[in-house]
file upload-v9.pdb (PDB, C-alpha atoms and all ligand atoms)
ATOM      1  CA  MET A  16       0.000   0.000   0.000
ATOM      2  CA  ILE A  17       1.453   3.373  -1.030
ATOM      3  CA  GLN A  18       1.645   5.989   1.750
ATOM      4  CA  TYR A  19      -0.191   8.697  -0.205
ATOM      5  CA  GLN A  20      -0.832  10.928   2.826
ATOM      6  CA  LYS A  21       2.796  10.917   3.910
ATOM      7  CA  ILE A  22       3.999  11.630   0.382
ATOM      8  CA  ILE A  23       1.631  14.549  -0.271
ATOM      9  CA  ASP A  24       2.286  16.111   3.160
ATOM     10  CA  LYS A  25       5.998  16.064   2.361
ATOM     11  CA  ILE A  26       5.319  17.612  -1.071
ATOM     12  CA  SER A  27       3.247  20.411   0.555
ATOM     13  CA  GLU A  28       6.050  21.062   3.008
ATOM     14  CA  ASP A  29       8.697  21.137   0.255
ATOM     15  CA  THR A  30       6.701  23.648  -1.825
ATOM     16  CA  LYS A  31       6.604  26.104   1.112
ATOM     17  CA  LYS A  32      10.389  26.423   0.867
ATOM     18  CA  VAL A  33      10.404  27.404  -2.816
ATOM     19  CA  THR A  34      10.859  31.135  -3.314
ATOM     20  CA  ASP A  35      10.169  31.434  -7.064
ATOM     21  CA  LYS A  36       6.536  30.302  -7.341
ATOM     22  CA  GLY A  37       5.907  31.653 -10.832
ATOM     23  CA  VAL A  38       3.552  34.470 -11.792
ATOM     24  CA  VAL A  39      -0.235  34.602 -11.372
ATOM     25  CA  ALA A  40      -2.110  35.056 -14.710
ATOM     26  CA  SER A  41      -2.995  38.704 -15.155
ATOM     27  CA  TYR A  42      -4.409  38.807 -18.700
ATOM     28  CA  ILE A  43      -7.744  37.868 -17.088
ATOM     29  CA  PRO A  44      -7.850  40.732 -14.526
ATOM     30  CA  GLU A  45      -9.973  38.820 -11.963
ATOM     31  CA  LEU A  46      -7.309  36.094 -11.742
ATOM     32  CA  ALA A  47      -4.564  38.598 -10.922
ATOM     33  CA  THR A  48      -5.948  39.000  -7.389
ATOM     34  CA  ILE A  49      -5.207  35.387  -6.298
ATOM     35  CA  ASN A  50      -2.584  34.783  -3.603
ATOM     36  CA  VAL A  51       0.485  33.118  -5.145
ATOM     37  CA  ASP A  52       1.283  31.286  -1.872
ATOM     38  CA  LYS A  53      -1.727  28.962  -2.081
ATOM     39  CA  PHE A  54      -0.898  25.299  -2.564
ATOM     40  CA  GLY A  55      -3.154  22.249  -2.494
ATOM     41  CA  ILE A  56      -2.872  18.619  -3.525
ATOM     42  CA  HIS A  57      -5.487  15.847  -3.458
ATOM     43  CA  ILE A  58      -5.486  12.144  -4.380
ATOM     44  CA  LEU A  59      -8.557  10.005  -5.097
ATOM     45  CA  ASP A  60      -7.644   6.373  -5.666
ATOM     46  CA  ALA A  61      -9.511   3.665  -7.557
ATOM     47  CA  GLU A  62     -10.914   2.329  -4.255
ATOM     48  CA  LYS A  63     -12.410   5.813  -3.667
ATOM     49  CA  ASN A  64     -10.050   6.731  -0.809
ATOM     50  CA  ASN A  65      -9.332  10.476  -0.512
ATOM     51  CA  PHE A  66      -6.082  12.108   0.660
ATOM     52  CA  SER A  67      -5.725  15.912   1.009
ATOM     53  CA  SER A  68      -2.937  18.291   1.876
ATOM     54  CA  GLY A  69      -2.578  22.102   1.991
ATOM     55  CA  ASP A  70      -5.341  24.202   0.390
ATOM     56  CA  ALA A  71      -6.923  21.208  -1.391
ATOM     57  CA  LEU A  72     -10.450  22.174  -0.340
ATOM     58  CA  GLU A  73     -10.295  25.811  -1.478
ATOM     59  CA  LYS A  74     -12.009  26.572  -4.781
ATOM     60  CA  PHE A  75     -10.218  28.201  -7.707
ATOM     61  CA  SER A  76     -10.898  28.962 -11.378
ATOM     62  CA  ILE A  77     -10.482  25.716 -13.329
ATOM     63  CA  GLN A  78     -10.011  27.570 -16.657
ATOM     64  CA  SER A  79      -8.682  25.217 -19.378
ATOM     65  CA  ILE A  80      -9.192  22.114 -17.262
ATOM     66  CA  SER A  81     -12.858  22.555 -18.274
ATOM     67  CA  LYS A  82     -11.858  21.725 -21.877
ATOM     68  CA  VAL A  83     -11.537  18.025 -21.009
ATOM     69  CA  LEU A  84     -15.051  18.012 -19.541
ATOM     70  CA  THR A  85     -16.608  19.787 -22.546
ATOM     71  CA  LEU A  86     -14.761  17.323 -24.797
ATOM     72  CA  ALA A  87     -16.177  14.384 -22.829
ATOM     73  CA  LEU A  88     -19.732  15.715 -23.049
ATOM     74  CA  SER A  89     -19.524  16.555 -26.771
ATOM     75  CA  PHE A  90     -17.826  13.232 -27.630
ATOM     76  CA  GLY A  91     -20.691  11.427 -25.909
ATOM     77  CA  LEU A  92     -23.170  13.490 -27.989
ATOM     78  CA  VAL A  93     -21.653  13.385 -31.507
ATOM     79  CA  GLY A  94     -19.183  10.463 -31.410
ATOM     80  CA  GLU A  95     -16.342  10.114 -33.904
ATOM     81  CA  ASP A  96     -17.801  12.839 -36.189
ATOM     82  CA  LEU A  97     -16.182  15.252 -33.791
ATOM     83  CA  TRP A  98     -12.764  14.641 -35.395
ATOM     84  CA  LYS A  99     -13.964  16.076 -38.714
ATOM     85  CA  ARG A 100     -13.864  19.505 -37.050
ATOM     86  CA  VAL A 101     -10.892  19.209 -34.650
ATOM     87  CA  ASP A 102      -7.603  17.360 -35.164
ATOM     88  CA  VAL A 103      -5.725  15.261 -32.583
ATOM     89  CA  GLU A 104      -2.128  16.461 -32.990
ATOM     90  CA  PRO A 105      -0.028  18.459 -30.513
ATOM     91  CA  SER A 106       0.416  22.013 -31.766
ATOM     92  CA  GLY A 107       3.815  22.801 -30.269
ATOM     93  CA  ASP A 108       2.421  26.334 -29.907
ATOM     94  CA  PRO A 109       1.079  28.321 -26.938
ATOM     95  CA  PHE A 110      -2.601  27.739 -26.117
ATOM     96  CA  ASN A 111      -3.820  30.979 -27.689
ATOM     97  CA  HIS A 112      -1.800  31.016 -30.948
ATOM     98  CA  LEU A 113      -3.646  31.369 -34.216
ATOM     99  CA  SER A 114      -1.031  30.936 -36.951
ATOM    100  CA  LEU A 115      -1.595  27.177 -37.493
ATOM    101  CA  LEU A 116      -5.352  27.688 -37.623
ATOM    102  CA  GLU A 117      -5.031  29.774 -40.757
ATOM    103  CA  LEU A 118      -2.429  27.475 -42.335
ATOM    104  CA  GLU A 119      -4.661  24.467 -41.696
ATOM    105  CA  ASN A 120      -7.890  25.974 -43.034
ATOM    106  CA  GLY A 121      -9.747  26.478 -39.787
ATOM    107  CA  ILE A 122      -9.276  22.962 -38.350
ATOM    108  CA  PRO A 123      -7.699  23.424 -34.888
ATOM    109  CA  ARG A 124      -4.795  21.094 -34.087
ATOM    110  CA  ASN A 125      -6.500  19.630 -30.990
ATOM    111  CA  PRO A 126      -9.442  20.234 -28.612
ATOM    112  CA  PHE A 127      -7.288  21.744 -25.834
ATOM    113  CA  ILE A 128      -5.802  24.784 -27.557
ATOM    114  CA  ASN A 129      -8.286  27.646 -27.348
ATOM    115  CA  ALA A 130      -9.423  27.409 -30.990
ATOM    116  CA  GLY A 131     -10.168  23.685 -30.574
ATOM    117  CA  ALA A 132     -12.057  24.255 -27.341
ATOM    118  CA  ILE A 133     -14.123  26.978 -29.059
ATOM    119  CA  VAL A 134     -15.173  24.443 -31.737
ATOM    120  CA  ILE A 135     -16.162  22.011 -28.957
ATOM    121  CA  ALA A 136     -18.123  24.834 -27.282
ATOM    122  CA  ASP A 137     -19.909  25.411 -30.624
ATOM    123  CA  ILE A 138     -20.887  21.708 -30.756
ATOM    124  CA  LEU A 139     -22.342  21.915 -27.240
ATOM    125  CA  VAL A 140     -24.215  25.126 -28.036
ATOM    126  CA  SER A 141     -25.765  23.298 -31.030
ATOM    127  CA  HIS A 142     -26.675  20.106 -29.167
ATOM    128  CA  LEU A 143     -27.700  21.202 -25.656
ATOM    129  CA  LYS A 144     -31.079  22.773 -24.943
ATOM    130  CA  ASN A 145     -29.748  25.127 -22.246
ATOM    131  CA  PRO A 146     -25.982  24.904 -22.834
ATOM    132  CA  LYS A 147     -24.692  26.666 -19.678
ATOM    133  CA  GLU A 148     -27.187  24.995 -17.336
ATOM    134  CA  ASP A 149     -26.812  21.570 -18.960
ATOM    135  CA  PHE A 150     -23.004  21.621 -18.870
ATOM    136  CA  LEU A 151     -23.000  22.628 -15.206
ATOM    137  CA  LYS A 152     -25.487  19.847 -14.452
ATOM    138  CA  PHE A 153     -23.159  17.361 -16.184
ATOM    139  CA  ILE A 154     -20.303  18.347 -13.851
ATOM    140  CA  GLN A 155     -22.541  18.387 -10.786
ATOM    141  CA  GLU A 156     -23.737  14.904 -11.695
ATOM    142  CA  LEU A 157     -20.219  13.561 -12.343
ATOM    143  CA  THR A 158     -19.096  14.804  -8.929
ATOM    144  CA  ASN A 159     -22.416  14.348  -7.120
ATOM    145  CA  ASP A 160     -21.897  17.916  -5.890
ATOM    146  CA  THR A 161     -24.354  20.738  -6.553
ATOM    147  CA  THR A 162     -22.154  23.404  -4.951
ATOM    148  CA  ILE A 163     -20.013  23.616  -8.111
ATOM    149  CA  THR A 164     -20.895  26.689 -10.163
ATOM    150  CA  TYR A 165     -19.733  29.467 -12.505
ATOM    151  CA  ASN A 166     -17.956  32.589 -11.299
ATOM    152  CA  ARG A 167     -19.739  35.211 -13.388
ATOM    153  CA  LYS A 168     -17.244  37.928 -12.432
ATOM    154  CA  VAL A 169     -14.400  35.847 -13.899
ATOM    155  CA  ALA A 170     -16.431  35.064 -17.040
ATOM    156  CA  LEU A 171     -17.159  38.773 -17.543
ATOM    157  CA  SER A 172     -13.557  39.728 -16.820
ATOM    158  CA  GLU A 173     -12.368  37.353 -19.538
ATOM    159  CA  LYS A 174     -15.033  38.531 -21.980
ATOM    160  CA  ILE A 175     -13.829  42.129 -21.664
ATOM    161  CA  THR A 176     -10.209  41.179 -22.406
ATOM    162  CA  GLY A 177     -10.785  38.108 -24.626
ATOM    163  CA  TYR A 178      -9.409  39.671 -27.825
ATOM    164  CA  LYS A 179      -7.492  36.587 -28.969
ATOM    165  CA  ASN A 180     -10.445  34.292 -28.360
ATOM    166  CA  TYR A 181     -12.647  36.636 -30.423
ATOM    167  CA  ALA A 182     -10.000  36.512 -33.162
ATOM    168  CA  ALA A 183      -9.944  32.689 -33.025
ATOM    169  CA  ALA A 184     -13.730  32.444 -33.153
ATOM    170  CA  HIS A 185     -13.997  34.851 -36.101
ATOM    171  CA  LEU A 186     -11.286  32.938 -37.970
ATOM    172  CA  LEU A 187     -13.127  29.661 -37.322
ATOM    173  CA  LYS A 188     -16.337  31.274 -38.570
ATOM    174  CA  SER A 189     -14.618  32.472 -41.762
ATOM    175  CA  TYR A 190     -13.572  28.866 -42.495
ATOM    176  CA  GLY A 191     -17.090  27.543 -41.856
ATOM    177  CA  ASN A 192     -16.059  25.731 -38.665
ATOM    178  CA  LEU A 193     -18.389  27.591 -36.281
ATOM    179  CA  ASN A 194     -22.144  27.046 -36.703
ATOM    180  CA  ASN A 195     -23.426  29.480 -34.065
ATOM    181  CA  ASP A 196     -22.759  33.214 -33.511
ATOM    182  CA  VAL A 197     -19.345  34.150 -32.230
ATOM    183  CA  ASP A 198     -20.874  35.914 -29.188
ATOM    184  CA  THR A 199     -23.065  32.980 -28.170
ATOM    185  CA  VAL A 200     -20.218  30.467 -28.431
ATOM    186  CA  LEU A 201     -17.743  32.677 -26.567
ATOM    187  CA  ASP A 202     -20.251  33.420 -23.827
ATOM    188  CA  PHE A 203     -20.458  29.656 -23.253
ATOM    189  CA  TYR A 204     -16.643  29.262 -23.499
ATOM    190  CA  PHE A 205     -15.900  32.070 -20.999
ATOM    191  CA  HIS A 206     -18.403  30.545 -18.583
ATOM    192  CA  GLN A 207     -16.990  27.009 -18.838
ATOM    193  CA  CYS A 208     -13.529  28.429 -18.031
ATOM    194  CA  SER A 209     -14.905  30.368 -15.042
ATOM    195  CA  ILE A 210     -16.160  27.266 -13.193
ATOM    196  CA  GLU A 211     -14.710  27.039  -9.698
ATOM    197  CA  MET A 212     -13.703  23.762  -8.109
ATOM    198  CA  ASN A 213     -11.245  22.601  -5.477
ATOM    199  CA  CYS A 214      -8.624  19.859  -5.882
ATOM    200  CA  LYS A 215     -10.903  17.238  -4.322
ATOM    201  CA  GLN A 216     -13.801  18.078  -6.643
ATOM    202  CA  LEU A 217     -11.482  17.918  -9.660
ATOM    203  CA  THR A 218     -10.314  14.406  -8.811
ATOM    204  CA  SER A 219     -13.950  13.425  -8.410
ATOM    205  CA  ALA A 220     -14.907  14.827 -11.853
ATOM    206  CA  PHE A 221     -11.932  13.126 -13.527
ATOM    207  CA  PHE A 222     -12.638   9.755 -11.900
ATOM    208  CA  ILE A 223     -14.407   8.694 -15.162
ATOM    209  CA  PHE A 224     -11.142   9.029 -17.126
ATOM    210  CA  MET A 225      -9.288   6.937 -14.537
ATOM    211  CA  ASN A 226     -12.118   4.405 -14.179
ATOM    212  CA  ARG A 227     -12.903   3.370 -17.802
ATOM    213  CA  GLY A 228     -15.804   5.797 -18.215
ATOM    214  CA  LYS A 229     -17.662   5.119 -14.947
ATOM    215  CA  CYS A 230     -18.154   7.743 -12.203
ATOM    216  CA  GLN A 231     -17.820   6.987  -8.477
ATOM    217  CA  ARG A 232     -21.478   5.983  -8.331
ATOM    218  CA  GLY A 233     -20.956   3.436 -11.117
ATOM    219  CA  LYS A 234     -22.840   5.343 -13.852
ATOM    220  CA  ASN A 235     -21.258   4.942 -17.285
ATOM    221  CA  TYR A 236     -20.505   8.134 -19.241
ATOM    222  CA  LEU A 237     -17.985   7.093 -21.903
ATOM    223  CA  SER A 238     -16.908   3.907 -23.676
ATOM    224  CA  ILE A 239     -13.468   2.460 -22.935
ATOM    225  CA  ASN A 240     -12.414   3.519 -26.416
ATOM    226  CA  GLN A 241     -13.556   7.120 -25.837
ATOM    227  CA  VAL A 242     -11.633   7.208 -22.542
ATOM    228  CA  LYS A 243      -8.545   5.943 -24.373
ATOM    229  CA  ARG A 244      -8.802   8.779 -26.879
ATOM    230  CA  ILE A 245      -9.355  11.516 -24.261
ATOM    231  CA  ASN A 246      -6.475  10.287 -22.076
ATOM    232  CA  ALA A 247      -4.206  10.125 -25.150
ATOM    233  CA  LEU A 248      -5.107  13.747 -25.944
ATOM    234  CA  MET A 249      -4.380  14.821 -22.357
ATOM    235  CA  LEU A 250      -0.956  13.180 -22.580
ATOM    236  CA  THR A 251      -0.015  14.649 -25.960
ATOM    237  CA  CYS A 252      -1.781  18.043 -25.841
ATOM    238  CA  GLY A 253      -2.836  18.767 -22.245
ATOM    239  CA  PHE A 254       0.039  21.152 -21.548
ATOM    240  CA  TYR A 255       0.274  22.807 -24.998
ATOM    241  CA  ASP A 256       3.905  23.466 -25.920
ATOM    242  CA  GLU A 257       4.991  21.931 -22.619
ATOM    243  CA  ALA A 258       3.268  18.556 -23.143
ATOM    244  CA  GLY A 259       6.592  16.843 -23.829
ATOM    245  CA  GLU A 260       8.096  18.282 -20.657
ATOM    246  CA  PHE A 261       5.098  17.155 -18.554
ATOM    247  CA  ALA A 262       5.291  13.601 -19.980
ATOM    248  CA  PHE A 263       9.059  13.621 -19.374
ATOM    249  CA  GLU A 264       8.894  14.935 -15.798
ATOM    250  CA  VAL A 265       5.587  13.487 -14.582
ATOM    251  CA  GLY A 266       4.571  10.730 -16.990
ATOM    252  CA  LEU A 267       0.781  10.981 -16.661
ATOM    253  CA  PRO A 268      -2.080  12.199 -18.882
ATOM    254  CA  GLY A 269      -3.228  15.510 -17.451
ATOM    255  CA  LYS A 270      -4.545  19.008 -18.029
ATOM    256  CA  SER A 271      -3.590  22.426 -16.753
ATOM    257  CA  GLY A 272      -5.452  25.725 -16.455
ATOM    258  CA  VAL A 273      -4.247  29.318 -16.069
ATOM    259  CA  GLY A 274      -5.989  29.436 -12.670
ATOM    260  CA  GLY A 275      -3.028  27.310 -11.509
ATOM    261  CA  GLY A 276      -4.789  23.947 -11.347
ATOM    262  CA  ILE A 277      -3.487  20.676 -12.750
ATOM    263  CA  ILE A 278      -5.331  17.360 -12.887
ATOM    264  CA  ALA A 279      -3.543  14.144 -13.817
ATOM    265  CA  LEU A 280      -4.363  10.459 -13.586
ATOM    266  CA  LEU A 281      -2.972   6.967 -13.737
ATOM    267  CA  PRO A 282      -5.609   4.724 -15.375
ATOM    268  CA  ASN A 283      -7.220   2.253 -12.942
ATOM    269  CA  THR A 284      -5.118   3.595 -10.048
ATOM    270  CA  TYR A 285      -5.566   7.265  -9.007
ATOM    271  CA  CYS A 286      -6.471  10.843  -9.927
ATOM    272  CA  VAL A 287      -4.301  13.614  -8.525
ATOM    273  CA  ALA A 288      -5.035  17.360  -8.545
ATOM    274  CA  THR A 289      -2.750  20.222  -7.556
ATOM    275  CA  TRP A 290      -3.350  23.936  -7.225
ATOM    276  CA  SER A 291      -0.635  26.579  -7.114
ATOM    277  CA  PRO A 292      -1.612  29.823  -8.894
ATOM    278  CA  GLY A 293       1.895  30.908  -9.987
ATOM    279  CA  LEU A 294       2.511  29.984 -13.643
ATOM    280  CA  ASN A 295       5.689  29.382 -15.621
ATOM    281  CA  PHE A 296       6.198  31.227 -18.908
ATOM    282  CA  LYS A 297       4.271  28.527 -20.828
ATOM    283  CA  GLY A 298       1.169  29.219 -18.715
ATOM    284  CA  ASN A 299       1.288  26.018 -16.605
ATOM    285  CA  SER A 300       1.462  25.958 -12.789
ATOM    286  CA  LYS A 301       5.117  26.041 -11.800
ATOM    287  CA  LEU A 302       4.880  24.353  -8.402
ATOM    288  CA  GLY A 303       2.056  22.061  -9.560
ATOM    289  CA  MET A 304       4.349  20.529 -12.169
ATOM    290  CA  ALA A 305       7.189  20.200  -9.667
ATOM    291  CA  ALA A 306       4.851  18.613  -7.101
ATOM    292  CA  LEU A 307       3.600  16.044  -9.598
ATOM    293  CA  GLU A 308       7.148  15.205 -10.640
ATOM    294  CA  GLU A 309       7.943  14.550  -6.991
ATOM    295  CA  PHE A 310       4.721  12.541  -6.618
ATOM    296  CA  THR A 311       5.349  10.100  -9.494
ATOM    297  CA  THR A 312       9.012   9.795  -8.535
ATOM    298  CA  LYS A 313       8.227   9.014  -4.876
ATOM    299  CA  THR A 314       5.360   6.599  -5.645
ATOM    300  CA  GLY A 315       7.196   5.064  -8.611
ATOM    301  CA  HIS A 316       3.830   5.048 -10.416
ATOM    302  CA  SER A 317       3.471   6.715 -13.800
ATOM    303  CA  ILE A 318       2.179   5.310 -17.106
ATOM    304  CA  PHE A 319       5.788   4.564 -17.989
TER     305      PHE A 319
HETATM  306  N1  LIG A 401      -9.920  31.048 -20.378
HETATM  307  C1  LIG A 401      -8.532  30.967 -20.729
HETATM  308  C2  LIG A 401      -8.300  31.520 -22.123
HETATM  309  O1  LIG A 401      -9.107  31.318 -22.985
HETATM  310  C3  LIG A 401      -8.082  29.538 -20.652
HETATM  311  C4  LIG A 401      -6.608  29.358 -20.931
HETATM  312  C5  LIG A 401      -5.944  28.323 -20.092
HETATM  313  O2  LIG A 401      -6.358  27.997 -18.976
HETATM  314  N2  LIG A 401      -4.817  27.857 -20.585
HETATM  315  O3  LIG A 401      -7.314  32.184 -22.404
END

call {"tool": "encode", "arguments": {"input": "upload-v9.pdb", "output": "C-alpha cells", "more": "lines below"}}
Ligand code: GLN
result
Amino acid sequence: MIQYQKIIDKISEDTKKVTDKGVVASYIPELATINVDKFGIHILDAEKNNFSSGDALEKFSIQSISKVLTLALSFGLVGEDLWKRVDVEPSGDPFNHLSLLELENGIPRNPFINAGAIVIADILVSHLKNPKEDFLKFIQELTNDTTITYNRKVALSEKITGYKNYAAAHLLKSYGNLNNDVDTVLDFYFHQCSIEMNCKQLTSAFFIFMNRGKCQRGKNYLSINQVKRINALMLTCGFYDEAGEFAFEVGLPGKSGVGGGIIALLPNTYCVATWSPGLNFKGNSKLGMAALEEFTTKTGHSIF
C-alpha cells in the first residue's frame, strides 16, 4: 500500500520552501488577485479513498481544465464525427496562438488549444437545450456535488479582455467551422472556463477518465475507447507546448489551467489534482508541475 498521505504532506512542506513560485495570470484581470502562496494537492484512488494536503479544499478557477469536460460531453453526444472539425495532434504552440489555424484551413490542431475548445463549445451550443445549465449539471452529476458553479465575475472579466479568443472564433467562422454566432459560443466558453472547483472536486470529476468511463457511483458516461482517446489527448496536448516536458517529468495524462490547477491520472489507479496559482512562462502551474514530478518519482507510479 502506497503511503499517499505521507507523500503529499511532504510535497506540501517542500513547496513552502520554494521562493520562485511563478507568476499569477494577469491577462484575465480577476485572476490577478489570487494569492500566489496557495498550494493544495489531493489524491482520489480507484478504491475511492481520498487524501488531502494544503489548500486542497479551497475553490479556484479551473479555466482550461474545463476543456476536457466539454470534450467528454460533446464526444458522448456526436461520437467520432467530432474529429472532422478538430484534429488530434499536438500544436507545439502556446494555447492561444492562431497561426496554425489559418495554415490548416480552420481545423484546430486539438481540442485543448483555445481554438479547438471553441469548436467544442460550438458543438455543445448546437446540441444542448440550455448549454450553460446543462453543462454545469453534467459536472454536478459527475461529482455528485451541486455546490459547483460558474464565477460570473471571472467570465465577464475574460469577456472584456478576450481579444485573442474573439480573433480565433472569427477565424473559425470564416472557415465555416463555427455554426453558431461568435458571441453565443464565446459566452459559453468564458463561462466554462470560469467554473470554480477545489482539488478534491477535480479528482472526483476526472474519476471517469481513470475508471474506464464510470463515475464513483458506477454510472457509465464514456466507452473504454472514448476514454482511451481523451487520455491520449491529455498526454499529448494537455500542456500545450509543454506537453513533452510534462510527460518527461511526470509521466501521466493531465490538463492544466491558467488558474493554476493541474489534474492528472494513472488509469485504474488514481487521480491527482494540484493547485498553485503561480505559472511558468508557458502558462502552466510552476509548483504544480514540480509537485507532480515529486509525486510520481516518490510513488514510482506513472504510465511509464
Ligand atoms: N480562459 C482561458 C483563455 O481562454 C483559458 C486558458 C488556459 O487555462 N490555458 O485564455

call {"tool": "closest_atom_pairs", "arguments": {"input": "upload-v9.pdb", "of": "segment 143-170 of chain A", "to": "segment 40-53 of chain A", "cutoff": "12 Å", "atoms": "all atoms listed in the file", "output": "JSON lines"}}
result
{"residue": "A:Asn166", "atom": "CA", "partner": "A:Glu45", "partner_atom": "CA", "distance": 10.1}
{"residue": "A:Arg167", "atom": "CA", "partner": "A:Glu45", "partner_atom": "CA", "distance": 10.5}
{"residue": "A:Lys168", "atom": "CA", "partner": "A:Glu45", "partner_atom": "CA", "distance": 7.3}
{"residue": "A:Val169", "atom": "CA", "partner": "A:Glu45", "partner_atom": "CA", "distance": 5.7}
{"residue": "A:Ala170", "atom": "CA", "partner": "A:Glu45", "partner_atom": "CA", "distance": 9.0}

call {"tool": "resolve_selection", "arguments": {"input": "upload-v9.pdb", "expression": "the PyMOL selection byres (((not hetatm)) within 6 of (chain A and resi 401))", "output": "list of chain:residue names"}}
result
A:Gln78, A:Ser79, A:Phe110, A:Asn129, A:Cys208, A:Gly272, A:Val273

call {"tool": "residues_near_point", "arguments": {"input": "upload-v9.pdb", "point": "(7.1, -0.8, -6.6)", "cutoff": "10 Å", "atoms": "only C-alpha atoms", "output": "JSON, numbers by chain"}}
result
{"A": [16, 17, 314, 315, 316]}

call {"tool": "residues_around", "arguments": {"input": "upload-v9.pdb", "residues": "Cys252 of chain A", "least_positions_apart": "2", "cutoff": "12 Å", "atoms": "only C-alpha atoms", "output": "JSON, numbers by chain"}}
result
{"A": [79, 82, 83, 102, 103, 104, 105, 106, 107, 108, 109, 110, 124, 125, 126, 127, 128, 129, 131, 244, 245, 246, 247, 248, 249, 250, 254, 255, 256, 257, 258, 259, 260, 261, 262, 267, 268, 269, 270, 271]}

call {"tool": "residues_around", "arguments": {"input": "upload-v9.pdb", "residues": "Ile56 of chain A", "least_positions_apart": "6", "cutoff": "8 Å", "atoms": "all atoms listed in the file", "output": "list in words"}}
result
Ile23, Ser27, Ser67, Ser68, Gly69, Asp70, Ala71, Cys214, Val287, Ala288, Thr289 and Trp290 of chain A

call {"tool": "residues_around", "arguments": {"input": "upload-v9.pdb", "residues": "Gln207 of chain A", "least_positions_apart": "5", "cutoff": "10 Å", "atoms": "all atoms listed in the file", "output": "list of chain:residue names"}}
result
A:Ser76, A:Ile77, A:Gln78, A:Ser79, A:Ile80, A:Ser81, A:Lys82, A:Leu84, A:Thr85, A:Ala136, A:Lys147, A:Phe150, A:Leu151, A:Thr164, A:Tyr165, A:Asn166, A:Ala170, A:Leu201, A:Asp202

call {"tool": "closest_residue", "arguments": {"input": "upload-v9.pdb", "among": "A:Val140, A:Leu157, A:Leu72, A:Leu302", "to": "Val200 of chain A", "atoms": "all atoms listed in the file"}}
result
A:Val140

call {"tool": "closest_atom_pairs", "arguments": {"input": "upload-v9.pdb", "of": "segment 200-274 of chain A", "to": "segment 88-97 of chain A", "cutoff": "8 Å", "atoms": "only C-alpha atoms", "output": "CSV"}}
result
residue,atom,partner,partner_atom,distance
A:Tyr236,CA,A:Gly91,CA,7.4
A:Leu237,CA,A:Gly91,CA,6.5
A:Gln241,CA,A:Phe90,CA,7.7

call {"tool": "atom_distance", "arguments": {"input": "upload-v9.pdb", "atom1": "atom CA of Gly191 of chain A", "atom2": "atom CA of Asn111 of chain A"}}
result
19.7 Å

call {"tool": "closest_residue", "arguments": {"input": "upload-v9.pdb", "among": "A:Lys99, A:Lys297, A:Ser317, A:Ala306", "to": "Lys25 of chain A", "atoms": "only C-alpha atoms"}}
result
A:Ala306

call {"tool": "atom_distance", "arguments": {"input": "upload-v9.pdb", "atom1": "atom CA of Leu113 of chain A", "atom2": "atom CA of Phe75 of chain A"}}
result
27.5 Å

call {"tool": "residues_around", "arguments": {"input": "upload-v9.pdb", "residues": "segment 118-123 of chain A", "least_positions_apart": "4", "cutoff": "6 Å", "atoms": "all atoms listed in the file", "output": "tab-separated table (two decimals) with C-alpha atoms, keeping the file's coordinate frame"}}
result
chain	number	residue	atom	x	y	z
A	100	ARG	CA	-13.86	19.50	-37.05
A	101	VAL	CA	-10.89	19.21	-34.65
A	130	ALA	CA	-9.42	27.41	-30.99
A	131	GLY	CA	-10.17	23.68	-30.57
A	187	LEU	CA	-13.13	29.66	-37.32
A	190	TYR	CA	-13.57	28.87	-42.50

call {"tool": "residues_around", "arguments": {"input": "upload-v9.pdb", "residues": "Glu73 of chain A", "least_positions_apart": "6", "cutoff": "10 Å", "atoms": "all atoms listed in the file", "output": "VMD selection string"}}
result
chain A and resid 53 to 55 211 to 216 290
